[in-house]
Each structure stands twice: as structure tokens, then as C-alpha cells.
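Everything below concerns the one structure shown next.
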Amino acid sequence: MHPPPFDRLETCYDGLRRPGRREEAAALDLGQGITVFPPPWTEEAHRDLAATSRRAVAMREVLGVAADSARQLGPADRGFLGEV
């Protein structure tokens with residue numbers, strides 16, 4: 001039997017979590033997010049996640065980077081039934 005989905009949430013990002021992440025997030029105000037370079041899903045970041053560059057920035061910047069990445073990757077898959 002599989003564990004409930006919420007139990008698996010804690011282990012889903014094990015390889016991408018950096019020590020001190022909760023304290024970093026707690027220090028932000030509601031209009032801020034954290035940028036990470038290189039991105040945590042890259043091979044370079046996985047070699048030494050603790051060495052990635054991290055800084056607090058305006059959430060507008062975090063969302064802008066996400067939007068730019070989405071544009072570079074191209075249109076979204078329309079899904080199983082042809083619509084997302």
C-alpha cells in the first residue's frame with residue numbers, strides 16, 4: 001500500500017532542499033522570494049546545492065524569471081483532451 005500523498009510531499013524534494021531553507025523563507029516579507037543560481041534542478045547545482053547563490057528579491061523578479069523560462073521552452077502541452 002502506498003503512503004498518502006501528503007506523506008510523500010516531505011520526501012519529494014529531498015535532493016533539492018538546502019539546510020537553513022526554512023529560516024531563509026521566514027525572514028522574507030510577503031512581497032519577496034528567493035532566487036537560486038544555478039537553478040536547483042540542474043546538474044551543476046546538484047554537485048553542491050549548499051554552494052548555490054541565493055538571495056532575496058522582489059516576487060516580481062521571481063515571477064519574471066519563471067515567465068521568461070516558460071517563453072523559452074515554448075507553448076504548453078495542450079493536455080490529454082487538447083485543452084489545458
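Residues are named by chain letter and number: chains run A, B, ... in the order of the C-alpha cells, numbers start at 1 in each chain, and ligands are numbered from 1 in the order shown.
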
Open item on the list: With DSSP run on the backbone, what are the alpha helix (DSSP H) residues within chain A? I'd like them as an NGL selection string.
Closed with: :A and (5-12 or 21-26 or 43-47 or 59-73)

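Within 10 Å of region 51-65 of chain A there are Arg18, Glu24, Ala25, Ala27, Leu28, Asp29, Leu30, Gly31, Gln32, Gly33, Ile34, Thr35, Val36, Phe37, Pro38, Pro39, Pro40, Glu44, Ala45 and Arg71 of chain A, counting only C-alpha atoms and ignoring same-chain residues fewer than 6 positions away.
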
Saved selection, atoms kept: N, CA, C and O atoms, as an mmCIF file, in the first residue's frame:
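For reference, result-v4.cif as written:
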data_model
loop_
_atom_site.group_PDB
_atom_site.id
_atom_site.type_symbol
_atom_site.label_atom_id
_atom_site.label_comp_id
_atom_site.auth_asym_id
_atom_site.auth_seq_id
_atom_site.Cartn_x
_atom_site.Cartn_y
_atom_site.Cartn_z
ATOM 1 N N ARG A 18 17.912 22.696 0.815
ATOM 2 C CA ARG A 18 19.166 23.163 1.387
ATOM 3 C C ARG A 18 18.972 23.401 2.876
ATOM 4 O O ARG A 18 17.928 23.921 3.294
ATOM 5 N N GLU A 24 15.543 30.984 6.032
ATOM 6 C CA GLU A 24 15.620 31.945 4.930
ATOM 7 C C GLU A 24 14.233 32.433 4.544
ATOM 8 O O GLU A 24 14.001 33.628 4.384
ATOM 9 N N ALA A 25 13.317 31.503 4.386
ATOM 10 C CA ALA A 25 11.952 31.849 3.977
ATOM 11 C C ALA A 25 11.239 32.660 5.053
ATOM 12 O O ALA A 25 10.509 33.600 4.745
ATOM 13 N N ALA A 27 12.450 34.797 7.001
ATOM 14 C CA ALA A 27 12.976 36.162 7.061
ATOM 15 C C ALA A 27 12.430 37.061 5.948
ATOM 16 O O ALA A 27 12.620 38.279 5.987
ATOM 17 N N LEU A 28 11.734 36.491 4.965
ATOM 18 C CA LEU A 28 11.211 37.270 3.842
ATOM 19 C C LEU A 28 9.917 37.968 4.217
ATOM 20 O O LEU A 28 9.166 37.495 5.057
ATOM 21 N N ASP A 29 9.651 39.097 3.542
ATOM 22 C CA ASP A 29 8.313 39.680 3.690
ATOM 23 C C ASP A 29 7.436 39.104 2.576
ATOM 24 O O ASP A 29 7.907 38.365 1.724
ATOM 25 N N LEU A 30 6.162 39.429 2.583
ATOM 26 C CA LEU A 30 5.218 38.805 1.648
ATOM 27 C C LEU A 30 5.469 39.149 0.181
ATOM 28 O O LEU A 30 4.990 38.449 -0.704
ATOM 29 N N GLY A 31 6.204 40.200 -0.086
ATOM 30 C CA GLY A 31 6.484 40.590 -1.462
ATOM 31 C C GLY A 31 7.822 40.089 -1.967
ATOM 32 O O GLY A 31 8.306 40.554 -2.991
ATOM 33 N N GLN A 32 8.441 39.145 -1.263
ATOM 34 C CA GLN A 32 9.752 38.655 -1.645
ATOM 35 C C GLN A 32 9.751 37.155 -1.919
ATOM 36 O O GLN A 32 8.908 36.415 -1.424
ATOM 37 N N GLY A 33 10.743 36.749 -2.697
ATOM 38 C CA GLY A 33 11.013 35.336 -2.941
ATOM 39 C C GLY A 33 12.522 35.156 -2.951
ATOM 40 O O GLY A 33 13.268 36.122 -2.777
ATOM 41 N N ILE A 34 12.986 33.951 -3.158
ATOM 42 C CA ILE A 34 14.418 33.659 -3.173
ATOM 43 C C ILE A 34 14.814 33.190 -4.559
ATOM 44 O O ILE A 34 14.203 32.278 -5.117
ATOM 45 N N THR A 35 15.843 33.822 -5.123
ATOM 46 C CA THR A 35 16.391 33.341 -6.386
ATOM 47 C C THR A 35 17.551 32.404 -6.066
ATOM 48 O O THR A 35 18.260 32.593 -5.081
ATOM 49 N N VAL A 36 17.704 31.397 -6.895
ATOM 50 C CA VAL A 36 18.770 30.412 -6.717
ATOM 51 C C VAL A 36 19.480 30.258 -8.052
ATOM 52 O O VAL A 36 18.842 30.067 -9.088
ATOM 53 N N PHE A 37 20.818 30.356 -8.016
ATOM 54 C CA PHE A 37 21.603 30.144 -9.235
ATOM 55 C C PHE A 37 22.826 29.316 -8.903
ATOM 56 O O PHE A 37 23.506 29.616 -7.938
ATOM 57 N N PRO A 38 23.100 28.309 -9.670
ATOM 58 C CA PRO A 38 22.306 27.804 -10.773
ATOM 59 C C PRO A 38 21.005 27.193 -10.267
ATOM 60 O O PRO A 38 20.912 26.833 -9.089
ATOM 61 N N PRO A 39 19.989 27.087 -11.127
ATOM 62 C CA PRO A 39 18.702 26.534 -10.694
ATOM 63 C C PRO A 39 18.881 25.168 -10.036
ATOM 64 O O PRO A 39 19.722 24.374 -10.468
ATOM 65 N N PRO A 40 18.124 24.881 -8.995
ATOM 66 C CA PRO A 40 18.329 23.656 -8.219
ATOM 67 C C PRO A 40 18.106 22.356 -8.987
ATOM 68 O O PRO A 40 18.570 21.313 -8.563
ATOM 69 N N GLU A 44 24.694 21.037 -12.342
ATOM 70 C CA GLU A 44 25.672 21.878 -11.645
ATOM 71 C C GLU A 44 25.258 22.129 -10.194
ATOM 72 O O GLU A 44 26.075 22.015 -9.283
ATOM 73 N N ALA A 45 24.012 22.434 -9.965
ATOM 74 C CA ALA A 45 23.530 22.683 -8.603
ATOM 75 C C ALA A 45 23.565 21.412 -7.771
ATOM 76 O O ALA A 45 23.873 21.460 -6.579
ATOM 77 N N ARG A 71 8.495 31.057 -21.688
ATOM 78 C CA ARG A 71 8.502 31.517 -23.080
ATOM 79 C C ARG A 71 9.600 30.813 -23.881
ATOM 80 O O ARG A 71 9.395 30.437 -25.029
#

Open item on the list: Can you tell me which residues surround Trp41 (chain A) at a distance of at most 12 Å, considering only C-alpha atoms, apart from same-chain residues fewer than 5 positions away, and format the answer as a PyMOL selection string?
Closed with: chain A and resi 13-17+36+46-49+52

Open item on the list: For the structure I just gave you, how does DSSP split chain A - specifically, which residues are strand (DSSP E)? Reply as a list in words.
Closed with: Gln32, Gly33, Ile34, Thr35, Val36, Phe37, Ser53, Arg54, Arg55, Ala56, Val57 and Ala58 of chain A

Keeping N, CA, C and O atoms for every residue in the selection just given, could you write it to a file as a PDB file, in the first residue's frame?
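The file below, selection.pdb, is the result:
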ATOM      1  N   GLN A  32       8.441  39.145  -1.263  1.00  0.00           N
ATOM      2  CA  GLN A  32       9.752  38.655  -1.645  1.00  0.00           C
ATOM      3  C   GLN A  32       9.751  37.155  -1.919  1.00  0.00           C
ATOM      4  O   GLN A  32       8.908  36.415  -1.424  1.00  0.00           O
ATOM      5  N   GLY A  33      10.743  36.749  -2.697  1.00  0.00           N
ATOM      6  CA  GLY A  33      11.013  35.336  -2.941  1.00  0.00           C
ATOM      7  C   GLY A  33      12.522  35.156  -2.951  1.00  0.00           C
ATOM      8  O   GLY A  33      13.268  36.122  -2.777  1.00  0.00           O
ATOM      9  N   ILE A  34      12.986  33.951  -3.158  1.00  0.00           N
ATOM     10  CA  ILE A  34      14.418  33.659  -3.173  1.00  0.00           C
ATOM     11  C   ILE A  34      14.814  33.190  -4.559  1.00  0.00           C
ATOM     12  O   ILE A  34      14.203  32.278  -5.117  1.00  0.00           O
ATOM     13  N   THR A  35      15.843  33.822  -5.123  1.00  0.00           N
ATOM     14  CA  THR A  35      16.391  33.341  -6.386  1.00  0.00           C
ATOM     15  C   THR A  35      17.551  32.404  -6.066  1.00  0.00           C
ATOM     16  O   THR A  35      18.260  32.593  -5.081  1.00  0.00           O
ATOM     17  N   VAL A  36      17.704  31.397  -6.895  1.00  0.00           N
ATOM     18  CA  VAL A  36      18.770  30.412  -6.717  1.00  0.00           C
ATOM     19  C   VAL A  36      19.480  30.258  -8.052  1.00  0.00           C
ATOM     20  O   VAL A  36      18.842  30.067  -9.088  1.00  0.00           O
ATOM     21  N   PHE A  37      20.818  30.356  -8.016  1.00  0.00           N
ATOM     22  CA  PHE A  37      21.603  30.144  -9.235  1.00  0.00           C
ATOM     23  C   PHE A  37      22.826  29.316  -8.903  1.00  0.00           C
ATOM     24  O   PHE A  37      23.506  29.616  -7.938  1.00  0.00           O
ATOM     25  N   SER A  53      24.135  30.118  -5.280  1.00  0.00           N
ATOM     26  CA  SER A  53      23.937  31.510  -4.893  1.00  0.00           C
ATOM     27  C   SER A  53      22.452  31.724  -4.613  1.00  0.00           C
ATOM     28  O   SER A  53      21.608  31.361  -5.425  1.00  0.00           O
ATOM     29  N   ARG A  54      22.153  32.302  -3.476  1.00  0.00           N
ATOM     30  CA  ARG A  54      20.761  32.535  -3.089  1.00  0.00           C
ATOM     31  C   ARG A  54      20.639  33.964  -2.589  1.00  0.00           C
ATOM     32  O   ARG A  54      21.488  34.439  -1.848  1.00  0.00           O
ATOM     33  N   ARG A  55      19.536  34.610  -2.994  1.00  0.00           N
ATOM     34  CA  ARG A  55      19.289  35.956  -2.465  1.00  0.00           C
ATOM     35  C   ARG A  55      17.811  36.279  -2.502  1.00  0.00           C
ATOM     36  O   ARG A  55      17.069  35.756  -3.323  1.00  0.00           O
ATOM     37  N   ALA A  56      17.425  37.137  -1.587  1.00  0.00           N
ATOM     38  CA  ALA A  56      16.036  37.602  -1.530  1.00  0.00           C
ATOM     39  C   ALA A  56      15.848  38.694  -2.572  1.00  0.00           C
ATOM     40  O   ALA A  56      16.689  39.586  -2.703  1.00  0.00           O
ATOM     41  N   VAL A  57      14.765  38.587  -3.335  1.00  0.00           N
ATOM     42  CA  VAL A  57      14.430  39.581  -4.357  1.00  0.00           C
ATOM     43  C   VAL A  57      12.928  39.823  -4.327  1.00  0.00           C
ATOM     44  O   VAL A  57      12.176  39.063  -3.725  1.00  0.00           O
ATOM     45  N   ALA A  58      12.499  40.850  -5.032  1.00  0.00           N
ATOM     46  CA  ALA A  58      11.067  41.123  -5.153  1.00  0.00           C
ATOM     47  C   ALA A  58      10.394  39.954  -5.882  1.00  0.00           C
ATOM     48  O   ALA A  58      10.960  39.384  -6.822  1.00  0.00           O
TER      49      ALA A  58
END

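A straight line drawn from CA of Asp68 (chain A) to CA of Glu43 (chain A) is 20.6 Å long.
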